[in-house]
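What follows is the content of target.tsv (TSV, C-alpha atoms).
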chain	number	residue	atom	x	y	z
A	272	MET	CA	-86.81	-78.01	111.09
A	273	GLU	CA	-87.10	-81.39	109.38
A	274	GLN	CA	-89.87	-83.64	110.62
A	275	VAL	CA	-90.09	-87.32	111.47
A	276	THR	CA	-93.23	-89.33	112.11
A	277	ILE	CA	-93.57	-91.92	114.86
A	278	ILE	CA	-96.39	-94.45	114.66
A	279	GLY	CA	-97.11	-95.53	118.24
A	280	ASN	CA	-97.31	-93.83	121.62
A	281	GLY	CA	-95.71	-96.27	124.05
A	282	HIS	CA	-92.34	-96.40	125.80
A	283	MET	CA	-90.27	-96.83	122.65
A	284	ALA	CA	-92.19	-94.08	120.85
A	285	ARG	CA	-91.37	-91.76	123.74
A	286	SER	CA	-87.68	-92.70	123.74
A	287	ILE	CA	-87.29	-92.30	119.99
A	288	ALA	CA	-89.14	-88.97	120.12
A	289	VAL	CA	-86.78	-87.70	122.83
A	290	ARG	CA	-83.78	-88.63	120.70
A	291	MET	CA	-85.27	-87.07	117.56
A	292	LEU	CA	-85.93	-83.79	119.39
A	293	GLN	CA	-82.31	-83.97	120.54
A	294	ALA	CA	-81.44	-84.28	116.84
A	295	ARG	CA	-83.39	-81.05	116.23
A	296	ARG	CA	-86.16	-82.79	114.31
A	297	SER	CA	-89.80	-81.98	114.90
A	298	VAL	CA	-91.89	-85.01	115.76
A	299	GLN	CA	-95.34	-86.13	114.64
A	300	ILE	CA	-96.86	-88.81	116.89
A	301	LEU	CA	-99.66	-90.94	115.41
A	302	GLY	CA	-101.46	-93.42	117.65
A	303	ARG	CA	-104.68	-95.35	118.17
A	304	ASN	CA	-105.17	-94.19	121.75
A	305	GLY	CA	-105.85	-90.46	121.63
A	306	GLU	CA	-105.34	-89.91	125.34
A	307	LYS	CA	-101.92	-91.60	125.34
A	308	THR	CA	-100.92	-89.61	122.27
A	309	ARG	CA	-101.93	-86.32	123.92
A	310	ASP	CA	-100.07	-87.24	127.11
A	311	LEU	CA	-96.92	-88.06	125.14
A	312	VAL	CA	-97.07	-84.84	123.13
A	313	GLU	CA	-97.52	-82.84	126.35
A	314	PHE	CA	-94.52	-84.59	127.88
A	315	LEU	CA	-92.35	-83.92	124.82
A	316	GLY	CA	-93.31	-80.26	124.60
A	317	ALA	CA	-92.13	-77.89	121.89
A	318	GLY	CA	-91.45	-79.57	118.57
A	319	ALA	CA	-93.99	-82.37	119.02
A	320	ARG	CA	-97.55	-82.72	117.83
A	321	GLY	CA	-100.00	-85.60	117.63
A	322	GLY	CA	-102.62	-87.14	115.43
A	323	ALA	CA	-104.89	-90.15	115.11
A	324	GLU	CA	-104.01	-93.40	113.39
A	325	GLY	CA	-104.48	-92.96	109.66
A	326	ALA	CA	-103.80	-89.21	109.68
A	327	PRO	CA	-101.59	-87.86	106.87
A	328	ILE	CA	-97.89	-88.62	107.41
A	329	ASP	CA	-95.71	-85.53	107.36
A	330	GLY	CA	-92.26	-86.96	108.14
A	331	GLY	CA	-89.82	-88.23	105.56
A	332	ILE	CA	-88.66	-90.85	108.06
A	333	VAL	CA	-91.40	-92.94	109.66
A	334	PHE	CA	-90.64	-94.97	112.79
A	335	LEU	CA	-92.83	-98.00	113.46
A	336	ALA	CA	-92.70	-97.86	117.27
A	337	VAL	CA	-95.22	-100.67	117.62
A	338	PRO	CA	-95.08	-104.47	117.98
A	339	TYR	CA	-94.34	-106.53	114.88
A	340	ASN	CA	-97.95	-107.47	114.05
A	341	GLU	CA	-99.11	-103.87	114.48
A	342	GLY	CA	-96.31	-102.81	112.17
A	343	LYS	CA	-97.67	-105.07	109.45
A	344	ASP	CA	-101.15	-103.65	110.06
A	345	ALA	CA	-99.78	-100.13	109.73
A	346	MET	CA	-98.54	-100.96	106.23
A	347	LEU	CA	-102.14	-101.69	105.26
A	348	VAL	CA	-103.51	-98.59	107.01
A	349	TYR	CA	-101.09	-96.17	105.37
A	350	GLY	CA	-100.52	-97.97	102.06
A	351	ASP	CA	-99.28	-95.69	99.29
A	352	ALA	CA	-98.91	-92.80	101.76
A	353	LEU	CA	-95.56	-94.43	102.62
A	354	ALA	CA	-94.31	-94.28	99.03
A	355	GLY	CA	-90.96	-92.50	98.98
A	356	LYS	CA	-90.71	-92.60	102.79
A	357	VAL	CA	-88.01	-94.26	104.86
A	358	VAL	CA	-89.84	-96.72	107.13
A	359	VAL	CA	-87.87	-97.77	110.21
A	360	ASP	CA	-88.94	-101.05	111.79
A	361	ILE	CA	-87.79	-101.22	115.42
A	362	SER	CA	-89.69	-104.37	116.41
A	363	ASN	CA	-88.46	-107.60	117.95
A	364	PRO	CA	-90.80	-110.48	117.08
A	365	VAL	CA	-90.12	-112.27	120.36
A	366	ASP	CA	-92.68	-114.54	122.02
A	367	LEU	CA	-93.28	-112.45	125.15
A	368	ALA	CA	-94.98	-115.34	126.94
A	369	THR	CA	-91.81	-117.45	126.97
A	370	PHE	CA	-88.95	-115.27	125.63
A	371	ASP	CA	-87.55	-118.42	124.01
A	372	LYS	CA	-88.49	-118.08	120.32
A	373	LEU	CA	-89.08	-115.67	117.47
A	374	LEU	CA	-92.53	-115.32	115.93
A	375	VAL	CA	-91.33	-115.20	112.32
A	376	PRO	CA	-90.37	-118.20	110.18
A	377	SER	CA	-86.71	-119.10	109.87
A	378	GLY	CA	-85.02	-117.49	106.89
A	379	THR	CA	-86.77	-114.14	107.30
A	380	SER	CA	-87.26	-111.32	109.80
A	381	ALA	CA	-89.91	-108.94	111.04
A	382	ALA	CA	-88.35	-106.18	108.93
A	383	GLU	CA	-88.45	-108.29	105.77
A	384	GLU	CA	-92.06	-109.28	106.44
A	385	ILE	CA	-93.01	-105.64	106.95
A	386	ALA	CA	-91.25	-104.75	103.70
A	387	VAL	CA	-93.43	-107.31	101.89
A	388	HIS	CA	-96.55	-105.55	103.18
A	389	ALA	CA	-95.26	-102.02	102.57
A	390	SER	CA	-95.70	-99.88	99.49
A	391	PRO	CA	-93.16	-100.98	96.84
A	392	GLU	CA	-91.85	-97.40	96.84
A	393	ALA	CA	-91.23	-97.37	100.62
A	394	HIS	CA	-87.67	-97.94	101.85
A	395	VAL	CA	-87.75	-100.24	104.88
A	396	VAL	CA	-84.83	-100.06	107.29
A	397	LYS	CA	-84.19	-102.02	110.49
A	398	ALA	CA	-82.87	-99.88	113.34
A	399	PHE	CA	-83.26	-99.24	117.08
A	400	ASN	CA	-84.44	-102.79	117.79
A	401	THR	CA	-81.29	-103.40	119.86
A	402	CYS	CA	-82.06	-100.37	122.06
A	403	LEU	CA	-84.34	-100.83	125.05
A	404	ALA	CA	-86.56	-97.89	125.99
A	405	LYS	CA	-84.93	-96.78	129.26
A	406	PRO	CA	-81.32	-96.53	128.00
A	407	LEU	CA	-82.47	-95.15	124.64
A	408	GLU	CA	-84.19	-92.22	126.28
A	409	ALA	CA	-81.07	-91.56	128.36
A	410	GLY	CA	-78.82	-92.01	125.31
A	411	SER	CA	-76.18	-93.97	127.20
A	412	VAL	CA	-75.50	-96.89	129.52
A	413	ALA	CA	-72.71	-96.75	132.11
A	414	GLY	CA	-71.40	-93.61	130.46
A	415	LEU	CA	-71.20	-95.16	126.98
A	416	LEU	CA	-73.22	-93.79	124.08
A	417	LEU	CA	-75.61	-96.32	122.56
A	418	ASP	CA	-74.91	-98.05	119.25
A	419	VAL	CA	-77.73	-98.19	116.72
A	420	PHE	CA	-77.36	-101.03	114.22
A	421	ILE	CA	-78.90	-100.23	110.84
A	422	ALA	CA	-79.85	-102.73	108.10
A	423	GLY	CA	-81.48	-101.94	104.78
A	424	ASP	CA	-81.36	-102.46	101.04
A	425	SER	CA	-81.46	-98.74	100.20
A	426	GLU	CA	-78.09	-97.07	100.77
A	427	GLN	CA	-79.69	-93.62	100.71
A	428	ALA	CA	-82.28	-94.64	103.31
A	429	LYS	CA	-79.52	-95.91	105.59
A	430	VAL	CA	-77.62	-92.65	105.14
A	431	GLU	CA	-80.71	-90.70	106.21
A	432	VAL	CA	-81.30	-92.86	109.28
A	433	SER	CA	-77.61	-92.75	110.18
A	434	ALA	CA	-77.72	-88.95	110.02
A	435	VAL	CA	-80.56	-88.60	112.52
A	436	VAL	CA	-79.02	-91.24	114.78
A	437	ALA	CA	-75.73	-89.35	114.87
A	438	ALA	CA	-77.47	-86.01	115.36
A	439	SER	CA	-79.34	-87.50	118.33
A	440	GLY	CA	-76.05	-88.27	120.08
A	441	LEU	CA	-75.87	-92.00	119.31
A	442	ARG	CA	-73.48	-94.04	117.13
A	443	PRO	CA	-74.93	-95.44	113.87
A	444	ILE	CA	-73.46	-98.71	112.57
A	445	ASP	CA	-74.41	-99.93	109.08
A	446	VAL	CA	-74.58	-103.73	109.24
A	447	GLY	CA	-75.55	-104.34	105.62
A	448	PRO	CA	-78.69	-105.34	103.70
A	449	LEU	CA	-82.14	-105.77	105.20
A	450	ARG	CA	-81.64	-109.52	105.64
A	451	ARG	CA	-79.14	-108.71	108.42
A	452	ALA	CA	-82.26	-107.87	110.46
A	453	ARG	CA	-82.49	-111.63	111.09
A	454	GLU	CA	-79.32	-111.52	113.17
A	455	LEU	CA	-80.30	-108.27	114.90
A	456	GLU	CA	-83.62	-109.77	115.96
A	457	ALA	CA	-81.99	-113.03	117.07
A	458	MET	CA	-79.53	-111.08	119.23
A	459	MET	CA	-82.42	-109.38	120.97
A	460	LEU	CA	-84.11	-112.72	121.63
A	461	LEU	CA	-81.07	-113.45	123.79
A	462	VAL	CA	-80.88	-110.01	125.37
A	463	MET	CA	-84.59	-109.81	126.20
A	464	GLY	CA	-84.49	-113.32	127.66
A	465	LEU	CA	-81.71	-112.21	130.01
A	466	GLN	CA	-83.86	-109.39	131.34
A	467	VAL	CA	-86.43	-111.84	132.69
A	468	SER	CA	-84.15	-114.77	133.54
A	469	PRO	CA	-84.38	-115.89	137.20
A	470	ASP	CA	-80.67	-116.67	137.00
A	471	GLN	CA	-79.81	-113.00	136.46
A	472	ASP	CA	-80.25	-110.38	139.15
A	473	ASN	CA	-78.44	-107.44	137.55
A	474	PHE	CA	-80.60	-106.78	134.48
A	475	ASN	CA	-83.71	-104.58	134.62
A	476	TRP	CA	-84.42	-103.64	131.00
A	477	ASP	CA	-81.55	-101.18	131.28
A	478	THR	CA	-78.97	-102.94	129.11
A	479	SER	CA	-77.74	-102.27	125.60
A	480	LEU	CA	-75.58	-103.91	122.93
A	481	LYS	CA	-72.28	-102.12	122.30
A	482	LEU	CA	-69.37	-102.88	119.97
A	483	LEU	CA	-66.00	-102.01	121.48
A	484	PRO	CA	-62.67	-101.88	119.63
Could you quickly redo this structure as structure tokens?
Amino acid sequence: MEQVTIIGNGHMARSIAVRMLQARRSVQILGRNGEKTRDLVEFLGAGARGGAEGAPIDGGIVFLAVPYNEGKDAMLVYGDALAGKVVVDISNPVDLATFDKLLVPSGTSAAEEIAVHASPEAHVVKAFNTCLAKPLEAGSVAGLLLDVFIAGDSEQAKVEVSAVVAASGLRPIDVGPLRRARELEAMMLLVMGLQVSPDQDNFNWDTSLKLLP
């Protein structure tokens, strides 16, 4: 069974792990908080195992299931250990105090910034940032399978991510080069703002973006 590695042990780490087990991948969870990591591994059951931050990475695909700034830090922690790996940035650099701005300069994205800090031999891909944790774990919203938008400069890396997305029961959509992460992150600024808007009473972090024909 092929293995993936998930850096992080929060809600999104759990949801991605559930989907990867559905895709018949074994899962390595690496996190700073040992207790949370153990709890998550126990919840996931067979096919999952844990380790501390900085432990050797076993998966060929590495999901950064952490906030943007922690994702940049992870690039420094793991360094050349990510060479040859596909690194999936799922973050949304949204100001969580106001939900009205992005925390990266205009003309770039969290994914591009993480790529700058990553090993030159790592292949950074943006994916899963448009999926909120609750619907991602379920795999669908209102009976519709989730779309996973994928951006990256390595065609082979996008093929690999698309394969595990499809195997997990979701629909992969290649949106182009890594710079398209700017639009994916901007879309989620809008979506996340709607979840907390006092003018909306029908959103509870259970929405998802879907392209329909």
**Study point:** Atom-to-atom span, CA of Gly447 in chain A and CA of Glu426 in chain A, Å
**Key:** 9.1 Å
**Study point:** Selection: 12 Å around Gly414 in chain A, only C-alpha atoms, excl. self and same-chain fewer than 4 positions, as a ChimeraX atom specification
**Key:** /A:406,409-410,479,481
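Of the residues listed (A:Thr478, A:Asn363, A:Ser297, A:Ser390), A:Ser390 shows the shortest atom-to-atom separation from Asp351 in chain A; distances use all atoms listed in the file.
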Practice item. Compare A:Glu324, A:Arg453, A:Arg442, A:Gly318 by their minimum atom-to-atom distance to Ala381 in chain A, counting all atoms listed in the file, and give me the closest one. Key: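 Between A:Glu324, A:Arg453, A:Arg442, A:Gly318, the residue approaching Ala381 in chain A most closely is A:Arg453.
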**Study point:** Atomic distance CA of Ser380 in chain A - CA of Ala457 in chain A, expressed in Å with one decimal
**Key:**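 CA of Ser380 in chain A sits 9.1 Å away from CA of Ala457 in chain A.
For the set A:Ala386, A:Ala422, A:Leu441, A:Leu367, the residue with the smallest atom-to-atom gap to Arg290 in chain A is A:Leu441, counting only C-alpha atoms.
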Check your understanding: For Pro338 in chain A, which of A:Val365, A:Met272, A:Ala393, A:Ala288 is the closest residue, counting all atoms listed in the file?
Key -> A:Val365
Practice item. For CA of Leu335 in chain A and CA of Ile278 in chain A, quote the distance in Å rounded to one decimal. Key: 5.2 Å
